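Notes for the one structure printed next.
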Amino acid sequence: MRHNSAGGIPVNETMRSSPLRLAPLICVALWLGGCSTTPTAPPRASIGNRQAVVTEALRLQGQPYRYGGETPEEGFDCSGLVQYVYARHGVRLPRDTQSMAQQLPEVSTGQRQPGDLLFFNTEGKPFSHVGLYIGEDSFVHAPRNGRQVMRSSLAQPYWLTRLVGVRRPR
């Protein structure tokens, strides 16, 4: 029998080399580890929250378009509208369409749901316009100068042929 260096407690060689000796310590460590906190994911847009997002977007119809605008008081551009609507429901989104398209998870066009973001190529480059899908092949968006926030249909060839992607905020 020898004494360990930590406190002079006798340890025989059988105990030192036995894996069973560690089992109680491992169990305690795992149990205590279960009490620790883990980082939480950012809030996801739940189905109920997604419907509230759609309702909010529809409520903003008629607000004026303004390049760089991001509030009802100043007007909206397309990405400002989407960012504003989601922010009102606790979901932070990037400010511009390119960043939204790059940072949000992609969804296949056939799997889109109300609240998803629809991206269009309206200026000869992908992801140059964004709208908020509200269901039934319709979306709300801030189209361009001289127009207002409005509802449009994907059944219109202009929009259908320019649709380049769908993203789902979380």
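Every chain in the structure tokens has a letter given in the order shown (A, B, ...), and although residue numbers restart at 1 in each chain, ligands are simply numbered from 1 in the order shown.
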
Quiz item: Hey, what's within 7 Å of Gly165 in chain A if we count only C-alpha atoms and toss same-chain stuff fewer than 2 positions away? As a PyMOL selection string, please?
Solution: chain A and resi 109+118-119+163+167

Quiz item: Can you tell me, as a PyMOL selection string, what residues are no more than 9 Å from range 148-152 of chain A when counting only C-alpha atoms, ignoring any on the same chain fewer than 5 positions away?
Solution: chain A and resi 57-58+60-66+75-78+81+134+137-143+159

Practice problem: Quick one: pick out all strand (DSSP E or B) residues within range 117-166 of chain A from a backbone DSSP run and write them as a list in words. | Solution: Leu117, Leu118, Phe119, Phe120, His129, Val130, Gly131, Leu132, Tyr133, Ile134, Gly135, Ser138, Phe139, Val140, His141, Gln148, Met150, Arg151, Ser152, Ser153, Leu163, Val164, Gly165 and Val166 of chain A

Within 10 Å of range 92-96 of chain A using only C-alpha atoms, minus same-chain residues under 2 positions, as a PDB file with N, CA, C and O atoms, in the first residue's frame:
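Now in out.pdb:
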```pdb
ATOM      1  N   PRO A  42     -31.587  31.420 -30.592  1.00  0.00           N
ATOM      2  CA  PRO A  42     -32.444  32.593 -30.745  1.00  0.00           C
ATOM      3  C   PRO A  42     -33.887  32.158 -30.933  1.00  0.00           C
ATOM      4  O   PRO A  42     -34.144  31.047 -31.390  1.00  0.00           O
ATOM      5  N   PRO A  43     -34.834  33.012 -30.572  1.00  0.00           N
ATOM      6  CA  PRO A  43     -36.229  32.602 -30.699  1.00  0.00           C
ATOM      7  C   PRO A  43     -36.584  32.284 -32.136  1.00  0.00           C
ATOM      8  O   PRO A  43     -36.183  32.975 -33.052  1.00  0.00           O
ATOM      9  N   GLY A  68     -34.337  53.139 -48.232  1.00  0.00           N
ATOM     10  CA  GLY A  68     -33.693  53.241 -46.922  1.00  0.00           C
ATOM     11  C   GLY A  68     -34.681  53.327 -45.772  1.00  0.00           C
ATOM     12  O   GLY A  68     -34.284  53.324 -44.612  1.00  0.00           O
ATOM     13  N   GLU A  70     -37.421  52.402 -42.955  1.00  0.00           N
ATOM     14  CA  GLU A  70     -37.604  51.210 -42.126  1.00  0.00           C
ATOM     15  C   GLU A  70     -38.628  51.393 -41.012  1.00  0.00           C
ATOM     16  O   GLU A  70     -38.667  50.599 -40.075  1.00  0.00           O
ATOM     17  N   ASP A  77     -38.475  50.622 -47.583  1.00  0.00           N
ATOM     18  CA  ASP A  77     -38.025  49.927 -48.774  1.00  0.00           C
ATOM     19  C   ASP A  77     -38.286  48.449 -48.502  1.00  0.00           C
ATOM     20  O   ASP A  77     -38.792  48.091 -47.425  1.00  0.00           O
ATOM     21  N   CYS A  78     -37.997  47.577 -49.446  1.00  0.00           N
ATOM     22  CA  CYS A  78     -38.425  46.181 -49.303  1.00  0.00           C
ATOM     23  C   CYS A  78     -37.813  45.492 -48.086  1.00  0.00           C
ATOM     24  O   CYS A  78     -38.518  44.852 -47.305  1.00  0.00           O
ATOM     25  N   SER A  79     -36.506  45.633 -47.900  1.00  0.00           N
ATOM     26  CA  SER A  79     -35.873  44.953 -46.766  1.00  0.00           C
ATOM     27  C   SER A  79     -36.205  45.642 -45.443  1.00  0.00           C
ATOM     28  O   SER A  79     -36.312  44.985 -44.409  1.00  0.00           O
ATOM     29  N   GLY A  80     -36.393  46.938 -45.475  1.00  0.00           N
ATOM     30  CA  GLY A  80     -36.796  47.657 -44.257  1.00  0.00           C
ATOM     31  C   GLY A  80     -38.158  47.202 -43.771  1.00  0.00           C
ATOM     32  O   GLY A  80     -38.388  47.064 -42.561  1.00  0.00           O
ATOM     33  N   LEU A  81     -39.073  46.952 -44.700  1.00  0.00           N
ATOM     34  CA  LEU A  81     -40.405  46.460 -44.345  1.00  0.00           C
ATOM     35  C   LEU A  81     -40.302  45.102 -43.653  1.00  0.00           C
ATOM     36  O   LEU A  81     -40.861  44.888 -42.575  1.00  0.00           O
ATOM     37  N   VAL A  82     -39.584  44.170 -44.271  1.00  0.00           N
ATOM     38  CA  VAL A  82     -39.451  42.821 -43.728  1.00  0.00           C
ATOM     39  C   VAL A  82     -38.757  42.858 -42.364  1.00  0.00           C
ATOM     40  O   VAL A  82     -39.196  42.218 -41.407  1.00  0.00           O
ATOM     41  N   GLN A  83     -37.694  43.626 -42.265  1.00  0.00           N
ATOM     42  CA  GLN A  83     -36.967  43.729 -41.001  1.00  0.00           C
ATOM     43  C   GLN A  83     -37.863  44.310 -39.912  1.00  0.00           C
ATOM     44  O   GLN A  83     -37.902  43.824 -38.788  1.00  0.00           O
ATOM     45  N   TYR A  84     -38.609  45.350 -40.224  1.00  0.00           N
ATOM     46  CA  TYR A  84     -39.498  46.000 -39.258  1.00  0.00           C
ATOM     47  C   TYR A  84     -40.568  45.024 -38.755  1.00  0.00           C
ATOM     48  O   TYR A  84     -40.810  44.907 -37.555  1.00  0.00           O
ATOM     49  N   VAL A  85     -41.206  44.318 -39.668  1.00  0.00           N
ATOM     50  CA  VAL A  85     -42.281  43.394 -39.294  1.00  0.00           C
ATOM     51  C   VAL A  85     -41.752  42.308 -38.360  1.00  0.00           C
ATOM     52  O   VAL A  85     -42.347  42.024 -37.319  1.00  0.00           O
ATOM     53  N   TYR A  86     -40.641  41.705 -38.706  1.00  0.00           N
ATOM     54  CA  TYR A  86     -40.100  40.653 -37.850  1.00  0.00           C
ATOM     55  C   TYR A  86     -39.589  41.199 -36.517  1.00  0.00           C
ATOM     56  O   TYR A  86     -39.742  40.561 -35.477  1.00  0.00           O
ATOM     57  N   ALA A  87     -39.000  42.375 -36.518  1.00  0.00           N
ATOM     58  CA  ALA A  87     -38.512  42.971 -35.263  1.00  0.00           C
ATOM     59  C   ALA A  87     -39.656  43.192 -34.283  1.00  0.00           C
ATOM     60  O   ALA A  87     -39.485  43.025 -33.074  1.00  0.00           O
ATOM     61  N   ARG A  88     -40.819  43.542 -34.788  1.00  0.00           N
ATOM     62  CA  ARG A  88     -41.991  43.749 -33.923  1.00  0.00           C
ATOM     63  C   ARG A  88     -42.413  42.455 -33.232  1.00  0.00           C
ATOM     64  O   ARG A  88     -43.184  42.474 -32.299  1.00  0.00           O
ATOM     65  N   HIS A  89     -41.899  41.342 -33.711  1.00  0.00           N
ATOM     66  CA  HIS A  89     -42.236  40.039 -33.130  1.00  0.00           C
ATOM     67  C   HIS A  89     -41.009  39.332 -32.571  1.00  0.00           C
ATOM     68  O   HIS A  89     -40.996  38.107 -32.439  1.00  0.00           O
ATOM     69  N   GLY A  90     -39.992  40.123 -32.251  1.00  0.00           N
ATOM     70  CA  GLY A  90     -38.828  39.604 -31.546  1.00  0.00           C
ATOM     71  C   GLY A  90     -37.809  38.848 -32.363  1.00  0.00           C
ATOM     72  O   GLY A  90     -36.964  38.157 -31.812  1.00  0.00           O
ATOM     73  N   GLN A  98     -29.457  41.123 -49.642  1.00  0.00           N
ATOM     74  CA  GLN A  98     -28.338  40.208 -49.857  1.00  0.00           C
ATOM     75  C   GLN A  98     -27.974  39.469 -48.567  1.00  0.00           C
ATOM     76  O   GLN A  98     -27.790  38.257 -48.570  1.00  0.00           O
ATOM     77  N   SER A  99     -27.876  40.207 -47.464  1.00  0.00           N
ATOM     78  CA  SER A  99     -27.527  39.586 -46.178  1.00  0.00           C
ATOM     79  C   SER A  99     -28.621  38.651 -45.699  1.00  0.00           C
ATOM     80  O   SER A  99     -28.339  37.584 -45.152  1.00  0.00           O
ATOM     81  N   MET A 100     -29.868  39.044 -45.884  1.00  0.00           N
ATOM     82  CA  MET A 100     -30.971  38.153 -45.507  1.00  0.00           C
ATOM     83  C   MET A 100     -30.859  36.829 -46.265  1.00  0.00           C
ATOM     84  O   MET A 100     -30.966  35.752 -45.682  1.00  0.00           O
ATOM     85  N   ALA A 101     -30.654  36.930 -47.571  1.00  0.00           N
ATOM     86  CA  ALA A 101     -30.578  35.731 -48.405  1.00  0.00           C
ATOM     87  C   ALA A 101     -29.391  34.854 -48.014  1.00  0.00           C
ATOM     88  O   ALA A 101     -29.491  33.628 -48.034  1.00  0.00           O
ATOM     89  N   GLN A 102     -28.279  35.473 -47.646  1.00  0.00           N
ATOM     90  CA  GLN A 102     -27.086  34.713 -47.285  1.00  0.00           C
ATOM     91  C   GLN A 102     -27.181  34.092 -45.898  1.00  0.00           C
ATOM     92  O   GLN A 102     -26.677  33.002 -45.674  1.00  0.00           O
ATOM     93  N   GLN A 103     -27.832  34.757 -44.956  1.00  0.00           N
ATOM     94  CA  GLN A 103     -27.794  34.321 -43.566  1.00  0.00           C
ATOM     95  C   GLN A 103     -28.977  33.474 -43.115  1.00  0.00           C
ATOM     96  O   GLN A 103     -28.880  32.777 -42.104  1.00  0.00           O
ATOM     97  N   LEU A 104     -30.079  33.515 -43.829  1.00  0.00           N
ATOM     98  CA  LEU A 104     -31.260  32.756 -43.408  1.00  0.00           C
ATOM     99  C   LEU A 104     -31.305  31.400 -44.094  1.00  0.00           C
ATOM    100  O   LEU A 104     -30.846  31.264 -45.227  1.00  0.00           O
ATOM    101  N   PHE A 127     -31.525  38.294 -55.652  1.00  0.00           N
ATOM    102  CA  PHE A 127     -31.765  38.831 -54.311  1.00  0.00           C
ATOM    103  C   PHE A 127     -31.765  40.357 -54.283  1.00  0.00           C
ATOM    104  O   PHE A 127     -31.263  40.975 -53.360  1.00  0.00           O
ATOM    105  N   SER A 128     -32.347  40.960 -55.315  1.00  0.00           N
ATOM    106  CA  SER A 128     -32.427  42.423 -55.348  1.00  0.00           C
ATOM    107  C   SER A 128     -33.759  42.939 -54.802  1.00  0.00           C
ATOM    108  O   SER A 128     -33.926  44.144 -54.636  1.00  0.00           O
ATOM    109  N   HIS A 129     -34.688  42.033 -54.495  1.00  0.00           N
ATOM    110  CA  HIS A 129     -35.977  42.443 -53.922  1.00  0.00           C
ATOM    111  C   HIS A 129     -36.465  41.331 -53.003  1.00  0.00           C
ATOM    112  O   HIS A 129     -36.213  40.148 -53.255  1.00  0.00           O
ATOM    113  N   VAL A 130     -37.155  41.720 -51.921  1.00  0.00           N
ATOM    114  CA  VAL A 130     -37.681  40.749 -50.959  1.00  0.00           C
ATOM    115  C   VAL A 130     -39.113  41.112 -50.594  1.00  0.00           C
ATOM    116  O   VAL A 130     -39.469  42.294 -50.531  1.00  0.00           O
ATOM    117  N   PRO A 169     -37.078  32.900 -41.765  1.00  0.00           N
ATOM    118  CA  PRO A 169     -36.535  33.479 -40.531  1.00  0.00           C
ATOM    119  C   PRO A 169     -36.811  32.569 -39.341  1.00  0.00           C
ATOM    120  O   PRO A 169     -37.805  31.858 -39.304  1.00  0.00           O
ATOM    121  N   ARG A 170     -35.915  32.602 -38.371  1.00  0.00           N
ATOM    122  CA  ARG A 170     -36.092  31.818 -37.156  1.00  0.00           C
ATOM    123  C   ARG A 170     -36.126  32.711 -35.959  1.00  0.00           C
ATOM    124  O   ARG A 170     -35.543  33.707 -35.907  1.00  0.00           O
TER     125      ARG A 170
END
```

Quiz prompt | Separation of CA of Pro126 in chain A from CA of Gly146 in chain A, in Å and rounded to one decimal | solution =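 Distance reported for this atom pair: 22.8 Å.
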
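With only C-alpha atoms as the atoms that count, the minimum distance from Arg162 in chain A to the choices A:Asn121, A:Thr55, A:Asn145, A:Gln113 is reached by A:Asn121.
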
Quiz prompt | Distance in Å - CA of Gly135 in chain A versus CA of Asp116 in chain A | solution = 9.3 Å

Practice problem: Pick out the closest residue to Phe120 in chain A from this set: A:Thr97, A:Pro72, A:Glu56, A:Asn49. Count only C-alpha atoms. | Solution: A:Thr97

Quiz item: Quick one, how far is CA of Arg168 in chain A from CA of Glu74 in chain A?
Solution: 26.5 Å
